[in-house]
Protein chains: 4
Amino acid sequence: MVTGPVGGRRETRVSDMSATRYAYLGPEGTFTEAALRQLPEAATRELAPMVSVPAALDAVRAGQAAAALVPIENSVEGGITTTLDELAAGQPLMIYREVLLSISFALLVRPGTQLGDIKTVTAHPAAQAQVRNWLAAHLPEAQWESAASNADGARLVQEGRYDAAFAGEFAAATYGLEPLVTEIHDAENAQTRFILVGRPARPSAPTGADKTSVVVWLGPDRPGALLELLQEFAVRGVNLMLIQSRPTGAGIGNYWFAVDAEGHIADRRVAEALMGLKRLSPDVRFLGSYPRADVRPEDLAPLRPGTSDEEYVSAADWLNRCQDGRF
Amino acid sequence: MVTGPVGGRRETRVSDMSATRYAYLGPEGTFTEAALRQLPEAATRELAPMVSVPAALDAVRAGQAAAALVPIENSVEGGITTTLDELAAGQPLMIYREVLLSISFALLVRPGTQLGDIKTVTAHPAAQAQVRNWLAAHLPEAQWESAASNADGARLVQEGRYDAAFAGEFAAATYGLEPLVTEIHDAENAQTRFILVGRPARPSAPTGADKTSVVVWLGPDRPGALLELLQEFAVRGVNLMLIQSRPTGAGIGNYWFAVDAEGHIADRRVAEALMGLKRLSPDVRFLGSYPRADVRPEDLAPLRPGTSDEEYVSAADWLNRCQDGRF
Amino acid sequence: MVTGPVGGRRETRVSDMSATRYAYLGPEGTFTEAALRQLPEAATRELAPMVSVPAALDAVRAGQAAAALVPIENSVEGGITTTLDELAAGQPLMIYREVLLSISFALLVRPGTQLGDIKTVTAHPAAQAQVRNWLAAHLPEAQWESAASNADGARLVQEGRYDAAFAGEFAAATYGLEPLVTEIHDAENAQTRFILVGRPARPSAPTGADKTSVVVWLGPDRPGALLELLQEFAVRGVNLMLIQSRPTGAGIGNYWFAVDAEGHIADRRVAEALMGLKRLSPDVRFLGSYPRADVRPEDLAPLRPGTSDEEYVSAADWLNRCQDGRF
Amino acid sequence: MVTGPVGGRRETRVSDMSATRYAYLGPEGTFTEAALRQLPEAATRELAPMVSVPAALDAVRAGQAAAALVPIENSVEGGITTTLDELAAGQPLMIYREVLLSISFALLVRPGTQLGDIKTVTAHPAAQAQVRNWLAAHLPEAQWESAASNADGARLVQEGRYDAAFAGEFAAATYGLEPLVTEIHDAENAQTRFILVGRPARPSAPTGADKTSVVVWLGPDRPGALLELLQEFAVRGVNLMLIQSRPTGAGIGNYWFAVDAEGHIADRRVAEALMGLKRLSPDVRFLGSYPRADVRPEDLAPLRPGTSDEEYVSAADWLNRCQDGRF
């Protein structure tokens, strides 16, 4: 089933304590859990593993969790399309935080298994792309079997169904396995970005190094509209960090776009660009402004001249004087 | 002398009645006077001819006139650079009205003069470009002499100094001349555009077919800045009607720009574009928003989708909701 | 294992007949096979099902197949990232044809199975998104199990491992199953686009309704580069049909782009835009120009004035005359 | 008369020696003559003063002179519209060279005249703007009279018609006057730019610091066309040095543009931009590529990456390989 918590009914009841409950893409032992535990407040929250991204987000929508941590982007596999699509549709949600996690895999086996014993390996399909070269070099004859999650793969190894699982090293203990090989990752710098999603509320205050996410639909048959979209940001000196096309479902050639822009909705240049998008687009959804996990404010390049809040305020003052004839 | 009214001291004193006094580029009998008389209120104003555009504008700055009518652009000769330069520098002024006048010349002579008698012709140098072909066809041997104004040329013919003057037919009576030939104009559709300039005050309300004038300096050594200037307008769907470069005086290659844009400073798309200019430019001067003389509101092309005031207001509402987390 | 044909060694040897052999994403009974059979020449080719997209493309690279048909984009799930990534890396390949296939699923069961009997369902994960609503409405209690392909899911049903499989109705016969429900698809107009890929050669001649595919890397830390990329096309009047970001693998925030543009590399506007990309980008790969499957030449909007081949030729002639001083 | 050499018929006959004859905007003693004498070859040419810019250019068109030196732009007064308009219309001409001349005036008087004696001053109207402040400070009561040229003003002083003339100090000897005050110029860095114009021929080879001039008409009612024009240059990394609007003569609101761009028609980025203009514009006229007078090649900023000839050639090679399928 695509919705519902892992492990059944016990954990699905709406809790009075939902404000203290964070859902995440489970099961226990996934990279998502590891990312969630990087958040300081995680220590004081009930962490509820969910069977899928939609399930985690629906728990938030239904008030069963205060927030959900889900993967949004992977430096090897790209955007997590399920997450993007879930945020773009249904009852609105908002992103409050992002977490970056370096990804490397361990090959988990039942105690005593040697490399030469391994005939079958398993993991989530996304892991396959990240260990492909390692596999070809070290286990060229092993049979790949996909699992619903890396943690689930570990569980299947525990149950004896497969010989080895790729998962985070931290998952070994949970499933009574041992890491035969660690630090496996075809790509250097493999990272996954996770987002903490909640119901809409006032965004947290700007930190000086923020990111703003929106999804935009540009309407049918508007080949030049993407350029117009980019110019709404460019003319105001707002850099884009990500632009990802997604199908609208209305047939090949119909897309909406997920956009991550530098800055915060409270920054005037960002606010004006967002209003530009709103006027340009028949359907735009604000997904939140939140602190960047990849950079500190002091490491950012300076703003383009003419785009600071001070310059916006000064220009508005000047306009008022012009409109009043006081100059 | 470059400043001061025509005809000496009598007319230069500051009048209690300055609110009822309109200066114009004199002397009497120029096209400027003819344009001024198209304004309904001219009938109830004291009309004061001035010796030059700077003199007319300085009369306004000094409070000696409520407004001044001066030429700004000619469909044959182009921008009237003296006017542009005067508006760009010195104490700020504002444009309140524009007047379009079709220009055609009469050849004015002393009564009795025949075409064959004419050895010398005179007029303001700007007139020369507009009658060149006619001259080459009908008076190929005549000697051209420049006059300070077309009306002044007529006066010189009256005094017997030259044989004929090109001027507006309406000038004949003033100088005791008669029009030997009328409707002379090399170019079809020759027009001059005049502006009524006053001290800064709140612009008149939008009419639906308005024009906004600014002068902008883009700073030194910014080869891409003109493109940025145009994009400030383009991204907000504001069409430009005129862009004219003028030297800053700081050496070849240093320019400022006079820009006429469609719309009124009270239109949100125009207001936002102007603020964009202000942030882009180290020095921008608002010259006014005023009704267009060339077109009625009902003849304008529709706005580009997404740029109406309603859409601006709606986008601002949406932004507020996003900033408050109410969506 | 990720490479190698389905069914083992017999079919992997390099054949003298490779020119007559088309690989495809197998196994038999997939939508890919159905798409391949839409190509007229498929009737005279040996059709070789491969276990994965990489396997199909590697068969072409290795000379074991003349071409491979693989999915590239799905109107529900979006770009097939494995295919995009495989085309962007490794030995160059070229796209020669595209095929559009409307996608609807049948629920395949062993003869005699009733809807009420179904406890487990299976299919490729991509199918899940397309039948989610149907499942929730008709089989809310059924357990989902992912299969390596829809056809493989059908095989697993045949073997009795699961109760029902979502697959193309055409797959029923192959696996001795029967379609219990047909025409299942959550989204109207669900389509998948497939491409026929071969080794590089001269593209086929323009048809008047063509598409050109490239992948472009814009270099590190160039936030404005995507806008520049779009302008290379826009300034030459070339519409973009698709732009998809993909991670470079060098960490979050590093992307390359897959771009589909209207027109053919033999069209001068497209050729000039491609050269512009080449100069802009440290790494651009041409993926082919080929006929569009979605539109006939007579249904296309007219070119933007100034962008036809005739106008390009005429401009080049004019330039030559200018360079020679003959004008 | 608007055409014809100064001083009558003797000098207008077509000479066998036209290749050795340079026309210029006369009369003798003007800044134009001073600029012309800066050209090394001027020493071996017959220098023929003409009564006007059109007369000088027509002498070239008629084969009566090999070339003509005329002013094109003044750092105080702006573009010399007569020259721009003459180049834009009529039989095509081409610019081969530019000369920059610093402008400062001397106040020329008959020997013995003192400052206190001066009641009337004269010069070409363009000079007035450059000495206005000086006049207001030192001769506030003097009457201004316009002359056909600064040299002509000097002649009128020689004849006793006026008391003093503003002109180049070098004009004093010619007219038997003496410089009472020298180095008069309201603006620092006052310069005039002159161009040497001939009949079309192959432009001289690039020097590394060149300029290309064109005039472009963008057609009627195309408010966005100026932005498109700028983008044709911008997308290819070609900086603009000057853009000047001029009326087409078809009524207010109809303009063509004179454009000076960095680089030479032999530079591929410039050539491609020019072809872009040609396709964009119903009427574009190439006015020449010639060495810049204001800067040496070694002082130029580096080209934008991707816009050098080498990169253009490399991109063309790549395109050819793509079109042939060799990659």
# chains A, B, ... in the order shown; residues from 1 in each chain; ligands from 1

$ interface_residues --of "chain D" --to "chain B" --cutoff "7 Å" --atoms "only C-alpha atoms" --output "PyMOL selection string"
chain D and resi 1+74-78+142-144+187-191+223-224+227+230+239-247+249-253

$ write_last_selection --atoms "N, CA and C atoms" --output "short mmCIF file (atom, residue, chain, number, x, y, z; two decimals), in the first residue's frame"
data_model
loop_
_atom_site.label_atom_id
_atom_site.label_comp_id
_atom_site.auth_asym_id
_atom_site.auth_seq_id
_atom_site.Cartn_x
_atom_site.Cartn_y
_atom_site.Cartn_z
N MET D 1 23.29 78.57 -50.33
CA MET D 1 23.12 77.24 -50.94
C MET D 1 23.69 76.15 -50.03
N ASN D 74 30.06 65.19 -30.72
CA ASN D 74 30.70 66.17 -29.88
C ASN D 74 30.38 65.84 -28.44
N SER D 75 31.38 65.88 -27.59
CA SER D 75 31.15 65.45 -26.22
C SER D 75 30.28 66.41 -25.44
N VAL D 76 30.03 67.57 -25.97
CA VAL D 76 29.15 68.52 -25.30
C VAL D 76 27.78 68.56 -25.96
N GLU D 77 27.78 68.62 -27.29
CA GLU D 77 26.54 68.79 -28.02
C GLU D 77 25.91 67.49 -28.49
N GLY D 78 26.68 66.39 -28.47
CA GLY D 78 26.12 65.11 -28.90
C GLY D 78 26.37 64.83 -30.35
N ALA D 142 27.52 90.89 -23.25
CA ALA D 142 27.77 90.80 -24.70
C ALA D 142 26.60 90.14 -25.42
N GLN D 143 26.36 90.60 -26.63
CA GLN D 143 25.27 90.07 -27.46
C GLN D 143 25.81 88.92 -28.32
N TRP D 144 25.11 87.79 -28.29
CA TRP D 144 25.54 86.63 -29.10
C TRP D 144 24.93 86.71 -30.48
N ALA D 187 33.35 72.75 -20.33
CA ALA D 187 33.48 71.37 -19.88
C ALA D 187 34.92 70.93 -20.00
N GLU D 188 35.42 70.27 -18.96
CA GLU D 188 36.68 69.56 -19.10
C GLU D 188 36.48 68.47 -20.15
N ASN D 189 37.54 68.08 -20.78
CA ASN D 189 37.49 66.93 -21.71
C ASN D 189 36.56 67.15 -22.90
N ALA D 190 36.29 68.40 -23.25
CA ALA D 190 35.47 68.60 -24.43
C ALA D 190 36.21 68.06 -25.64
N GLN D 191 35.55 67.21 -26.37
CA GLN D 191 36.17 66.59 -27.54
C GLN D 191 35.17 66.55 -28.67
N PRO D 223 7.67 48.13 -30.62
CA PRO D 223 8.24 48.67 -29.38
C PRO D 223 9.33 47.79 -28.77
N GLY D 224 9.27 46.48 -29.01
CA GLY D 224 10.28 45.62 -28.41
C GLY D 224 11.51 45.44 -29.26
N LEU D 227 15.09 46.35 -27.94
CA LEU D 227 15.64 45.34 -27.04
C LEU D 227 16.20 44.17 -27.84
N LEU D 230 19.54 45.13 -29.25
CA LEU D 230 20.63 45.08 -28.28
C LEU D 230 21.01 43.64 -27.97
N ASN D 239 30.05 44.60 -27.21
CA ASN D 239 29.63 45.80 -26.50
C ASN D 239 29.25 46.91 -27.46
N LEU D 240 28.24 47.67 -27.07
CA LEU D 240 27.88 48.84 -27.86
C LEU D 240 28.55 50.08 -27.26
N MET D 241 29.01 50.96 -28.11
CA MET D 241 29.66 52.18 -27.66
C MET D 241 28.73 53.38 -27.78
N LEU D 242 27.78 53.30 -28.69
CA LEU D 242 26.89 54.44 -28.92
C LEU D 242 25.62 53.90 -29.55
N ILE D 243 24.52 54.41 -29.10
CA ILE D 243 23.27 54.15 -29.81
C ILE D 243 22.50 55.45 -29.81
N GLN D 244 22.14 55.88 -30.98
CA GLN D 244 21.51 57.19 -31.12
C GLN D 244 20.28 57.05 -31.99
N SER D 245 19.15 57.52 -31.47
CA SER D 245 17.93 57.46 -32.26
C SER D 245 17.83 58.68 -33.14
N ARG D 246 17.29 58.49 -34.31
CA ARG D 246 17.07 59.59 -35.25
C ARG D 246 15.70 59.41 -35.89
N PRO D 247 15.02 60.50 -36.15
CA PRO D 247 13.69 60.36 -36.75
C PRO D 247 13.78 59.88 -38.19
N GLY D 249 11.52 60.63 -40.31
CA GLY D 249 10.82 61.61 -41.13
C GLY D 249 9.37 61.23 -41.35
N ALA D 250 8.99 60.03 -40.89
CA ALA D 250 7.61 59.58 -41.12
C ALA D 250 6.69 59.97 -39.97
N GLY D 251 7.10 60.92 -39.16
CA GLY D 251 6.23 61.37 -38.08
C GLY D 251 6.83 61.02 -36.73
N ILE D 252 6.41 61.77 -35.72
CA ILE D 252 6.87 61.54 -34.34
C ILE D 252 6.70 60.08 -33.97
N GLY D 253 7.69 59.52 -33.35
CA GLY D 253 7.57 58.14 -32.89
C GLY D 253 8.18 57.13 -33.84
#

$ select_by_dssp --residues "stretch 91-232 of chain C" --states "alpha helix (DSSP H)" --output "ChimeraX atom specification"
/C:125-138,150-158,171-174,225-232

$ write_last_selection --atoms "C-alpha atoms" --output "tab-separated table (two decimals), in the first residue's frame"
chain	number	residue	atom	x	y	z
C	125	PRO	CA	7.51	1.30	-9.88
C	126	ALA	CA	6.78	3.74	-12.71
C	127	ALA	CA	3.41	2.09	-13.20
C	128	GLN	CA	2.49	2.69	-9.58
C	129	ALA	CA	2.10	6.43	-10.10
C	130	GLN	CA	-0.23	5.82	-12.99
C	131	VAL	CA	-2.63	3.45	-11.28
C	132	ARG	CA	-2.50	4.82	-7.73
C	133	ASN	CA	-5.98	6.29	-7.78
C	134	TRP	CA	-7.48	3.22	-9.41
C	135	LEU	CA	-5.87	1.04	-6.76
C	136	ALA	CA	-7.12	3.19	-3.91
C	137	ALA	CA	-10.63	3.02	-5.31
C	138	HIS	CA	-10.81	-0.65	-6.30
C	150	ASN	CA	5.79	-4.64	-15.99
C	151	ALA	CA	6.38	-7.73	-18.07
C	152	ASP	CA	8.44	-9.25	-15.28
C	153	GLY	CA	5.53	-8.58	-12.94
C	154	ALA	CA	3.31	-10.52	-15.31
C	155	ARG	CA	5.79	-13.40	-15.24
C	156	LEU	CA	5.73	-13.38	-11.44
C	157	VAL	CA	1.94	-13.59	-11.52
C	158	GLN	CA	2.23	-16.47	-13.96
C	171	ALA	CA	1.38	-8.81	-22.46
C	172	ALA	CA	-1.41	-11.13	-21.33
C	173	ALA	CA	-0.94	-13.76	-24.03
C	174	THR	CA	2.83	-13.93	-23.56
C	225	ALA	CA	24.35	30.60	-17.40
C	226	LEU	CA	20.97	28.96	-17.79
C	227	LEU	CA	19.52	32.29	-18.84
C	228	GLU	CA	22.35	32.68	-21.34
C	229	LEU	CA	21.63	29.21	-22.67
C	230	LEU	CA	17.97	30.04	-23.22
C	231	GLN	CA	18.91	33.32	-24.89
C	232	GLU	CA	21.14	31.53	-27.38

$ atom_distance --atom1 "atom CA of D:Thr307" --atom2 "atom CA of D:Gly288"
20.8 Å

$ residues_around --residues "A:Gly112" --least-positions-apart "3" --cutoff "12 Å" --atoms "only C-alpha atoms" --output "JSON, numbers by chain"
{"A": [108, 109, 115, 116, 117, 118, 163, 164, 176, 177, 178, 179, 180]}

$ residues_around --residues "B:Leu87" --least-positions-apart "2" --cutoff "10 Å" --atoms "only C-alpha atoms" --output "list in words"
Pro54, Leu57, Thr81, Thr82, Thr83, Leu84, Asp85, Ala89, Gly90, Gln91, Pro92, Leu93, Met94, Ile95, Val197, Val214, Val215, Ala258, Arg285, Phe286 and Leu287 of chain B

$ atom_distance --atom1 "atom CA of D:Glu311" --atom2 "atom CA of C:Leu274"
12.9 Å
